[in-house]
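Asks: Please find one structure pasted underneath; my questions will follow.
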Amino acid sequence: MKNKSIKLFAYIILTGCIYACQSELYVNPGKSHYSKEVMLAKEWYELKRPDESSFIEIGLNKSPLEVKPDWEKATVSSNAKERVVETYLYMKGGLIFGLPETKQKFDETGDKRYMNTSSYTRLVIKTRLDNGETDGFFMSVVSSVEYLELTDFKPFGKVGYIDRDKRFSGQIKFHNLDGEFVNGWVYKNGKIVSSLRPVQD
């Protein structure tokens, strides 16, 4: 009788675990597992995105750029107010944001890392936890020379929408899904020291 009770209890636990996993994960035909949050973000983006996403004003190259989210590399984070899905982008064309000091350092040293790793752009889709309202935009992180050297030219995984390295110095810029620059912030040692706004005509 005791063995039957143990087996029944184990079966209930196993069934509950399977159900919980199924409610949290979707499986796509390519055998990759997406979290529920990533799948919802992908669905939202497919409904909201322009036919062709392009930036009109692009850092150093100032040319239109088509982008496509790489959902396989999406990450999910959250705080008390919102849940955020961030993902890297496939890009048709090149996107480089750079600070004057970064260009100067490249000119002085010829070290391409000062240009090639000075910035990166991700798609961010955030959902408010209180009312479910969702918004999406592009976030570009532009590292200072100091921060590039501090991270040994590997700044990409240390600065996200919610979690930001307390040592970060540089700029964070936001563009809407149509590619228009919305706003941004200038950081020094992890603290905001000034804001960036669109240039008014």
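Naming scheme: A, B, ... for chains in displayed order of the structure tokens; residues 1 onward per chain; ligands 1 onward as shown.
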Go through stretch 158-183 of chain A and flag each residue having an atom no more than 7 Å from stretch 128-140 of chain A; for those, report the closest pair of atoms plus their distance in Å to one decimal, using only C-alpha atoms, ordered by chain and rising number, as a Markdown table.
Replies:
| residue | atom | partner | partner_atom | distance |
| --- | --- | --- | --- | --- |
| A:Ile172 | CA | A:Ser140 | CA | 5.6 |
| A:Lys173 | CA | A:Ser140 | CA | 5.1 |
| A:Phe174 | CA | A:Met139 | CA | 4.7 |
| A:His175 | CA | A:Phe138 | CA | 5.1 |
| A:Asn176 | CA | A:Phe137 | CA | 4.6 |
| A:Leu177 | CA | A:Phe137 | CA | 5.4 |
Asks: Can you write out the residues you just picked, keeping all heavy atoms, as an mmCIF file, in the first residue's frame?
Replies:
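Done, and the output landed in result37.cif:
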data_model
loop_
_atom_site.group_PDB
_atom_site.id
_atom_site.type_symbol
_atom_site.label_atom_id
_atom_site.label_comp_id
_atom_site.auth_asym_id
_atom_site.auth_seq_id
_atom_site.Cartn_x
_atom_site.Cartn_y
_atom_site.Cartn_z
ATOM 1 N N ILE A 172 23.521 55.581 -24.404
ATOM 2 C CA ILE A 172 22.474 54.633 -24.778
ATOM 3 C C ILE A 172 21.425 55.415 -25.550
ATOM 4 O O ILE A 172 20.883 56.402 -25.051
ATOM 5 C CB ILE A 172 21.856 53.948 -23.550
ATOM 6 C CG1 ILE A 172 22.933 53.105 -22.835
ATOM 7 C CG2 ILE A 172 20.688 53.065 -23.969
ATOM 8 C CD1 ILE A 172 22.447 52.365 -21.617
ATOM 9 N N LYS A 173 21.168 54.971 -26.795
ATOM 10 C CA LYS A 173 20.233 55.676 -27.675
ATOM 11 C C LYS A 173 19.047 54.776 -27.987
ATOM 12 O O LYS A 173 19.197 53.562 -28.135
ATOM 13 C CB LYS A 173 20.923 56.062 -28.985
ATOM 14 C CG LYS A 173 22.108 56.993 -28.808
ATOM 15 C CD LYS A 173 22.713 57.357 -30.164
ATOM 16 C CE LYS A 173 23.846 58.354 -30.008
ATOM 17 N NZ LYS A 173 24.384 58.773 -31.321
ATOM 18 N N PHE A 174 17.874 55.396 -28.129
ATOM 19 C CA PHE A 174 16.659 54.657 -28.434
ATOM 20 C C PHE A 174 16.049 55.157 -29.746
ATOM 21 O O PHE A 174 15.904 56.365 -29.958
ATOM 22 C CB PHE A 174 15.640 54.814 -27.303
ATOM 23 C CG PHE A 174 16.123 54.241 -25.995
ATOM 24 C CD1 PHE A 174 16.676 55.068 -25.027
ATOM 25 C CD2 PHE A 174 16.044 52.884 -25.740
ATOM 26 C CE1 PHE A 174 17.144 54.547 -23.830
ATOM 27 C CE2 PHE A 174 16.501 52.353 -24.547
ATOM 28 C CZ PHE A 174 17.049 53.189 -23.588
ATOM 29 N N HIS A 175 15.710 54.217 -30.637
ATOM 30 C CA HIS A 175 15.001 54.504 -31.880
ATOM 31 C C HIS A 175 13.692 53.717 -31.869
ATOM 32 O O HIS A 175 13.638 52.601 -31.341
ATOM 33 C CB HIS A 175 15.817 54.065 -33.102
ATOM 34 C CG HIS A 175 17.059 54.858 -33.329
ATOM 35 N ND1 HIS A 175 18.206 54.690 -32.571
ATOM 36 C CD2 HIS A 175 17.347 55.818 -34.249
ATOM 37 C CE1 HIS A 175 19.141 55.520 -33.012
ATOM 38 N NE2 HIS A 175 18.655 56.206 -34.023
ATOM 39 N N ASN A 176 12.645 54.293 -32.458
ATOM 40 C CA ASN A 176 11.395 53.537 -32.560
ATOM 41 C C ASN A 176 11.512 52.527 -33.702
ATOM 42 O O ASN A 176 12.543 52.448 -34.392
ATOM 43 C CB ASN A 176 10.178 54.467 -32.722
ATOM 44 C CG ASN A 176 10.226 55.263 -34.024
ATOM 45 O OD1 ASN A 176 10.850 54.877 -35.011
ATOM 46 N ND2 ASN A 176 9.541 56.406 -34.033
ATOM 47 N N LEU A 177 10.464 51.735 -33.921
ATOM 48 C CA LEU A 177 10.528 50.674 -34.920
ATOM 49 C C LEU A 177 10.612 51.199 -36.338
ATOM 50 O O LEU A 177 10.971 50.455 -37.256
ATOM 51 C CB LEU A 177 9.319 49.732 -34.777
ATOM 52 C CG LEU A 177 9.239 48.942 -33.474
ATOM 53 C CD1 LEU A 177 8.041 48.006 -33.491
ATOM 54 C CD2 LEU A 177 10.524 48.165 -33.208
#
Asks: Which is closer to A:Lys166 than all the others in A:Asn183, A:Ser194, A:Thr102, A:Asn189, using only C-alpha atoms?
Replies: A:Asn189
Asks: If you run DSSP on this backbone, which residues of stretch 85-165 of chain A come out as strand (DSSP E), and could you give them as a ChimeraX atom specification?
Replies: /A:85-87,89-92,119-128,134-143
Asks: In terms of the shortest atom-to-atom distance over only C-alpha atoms, which of A:Arg49, A:Glu180, A:Glu101, A:Val186 is closest to A:Pro198?
Replies: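 Smallest distance to A:Pro198 is found for A:Glu180.
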Asks: Sorted by chain and rising residue number, list the residues of stretch 112-169 of chain A at most 6 Å from stretch 79-90 of chain A (counting only C-alpha atoms), each with its closest atom pair and distance in Å to one decimal, as a tab-separated table.
Replies:
residue	atom	partner	partner_atom	distance
A:Arg122	CA	A:Tyr88	CA	4.8
A:Leu123	CA	A:Thr87	CA	5.4
A:Val124	CA	A:Glu86	CA	4.6
A:Ile125	CA	A:Val85	CA	5.2
A:Lys126	CA	A:Val84	CA	4.3
A:Thr127	CA	A:Arg83	CA	5.3
A:Arg128	CA	A:Glu82	CA	4.4
A:Leu129	CA	A:Glu82	CA	5.1
Asks: Go ahead and write the residues just picked, C-alpha atoms, as a compact mmCIF listing (two decimals), in the first residue's frame.
Replies:
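As written to disk, again.txt reads:
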# COMPACT_ATOMS: atom_id res chain seq x y z
CA ARG A 122 19.32 45.26 -29.90
CA LEU A 123 15.57 45.03 -30.31
CA VAL A 124 13.84 45.55 -26.97
CA ILE A 125 10.22 44.58 -26.32
CA LYS A 126 8.94 45.45 -22.86
CA THR A 127 5.63 44.65 -21.21
CA ARG A 128 4.27 46.42 -18.15
CA LEU A 129 3.29 43.92 -15.48
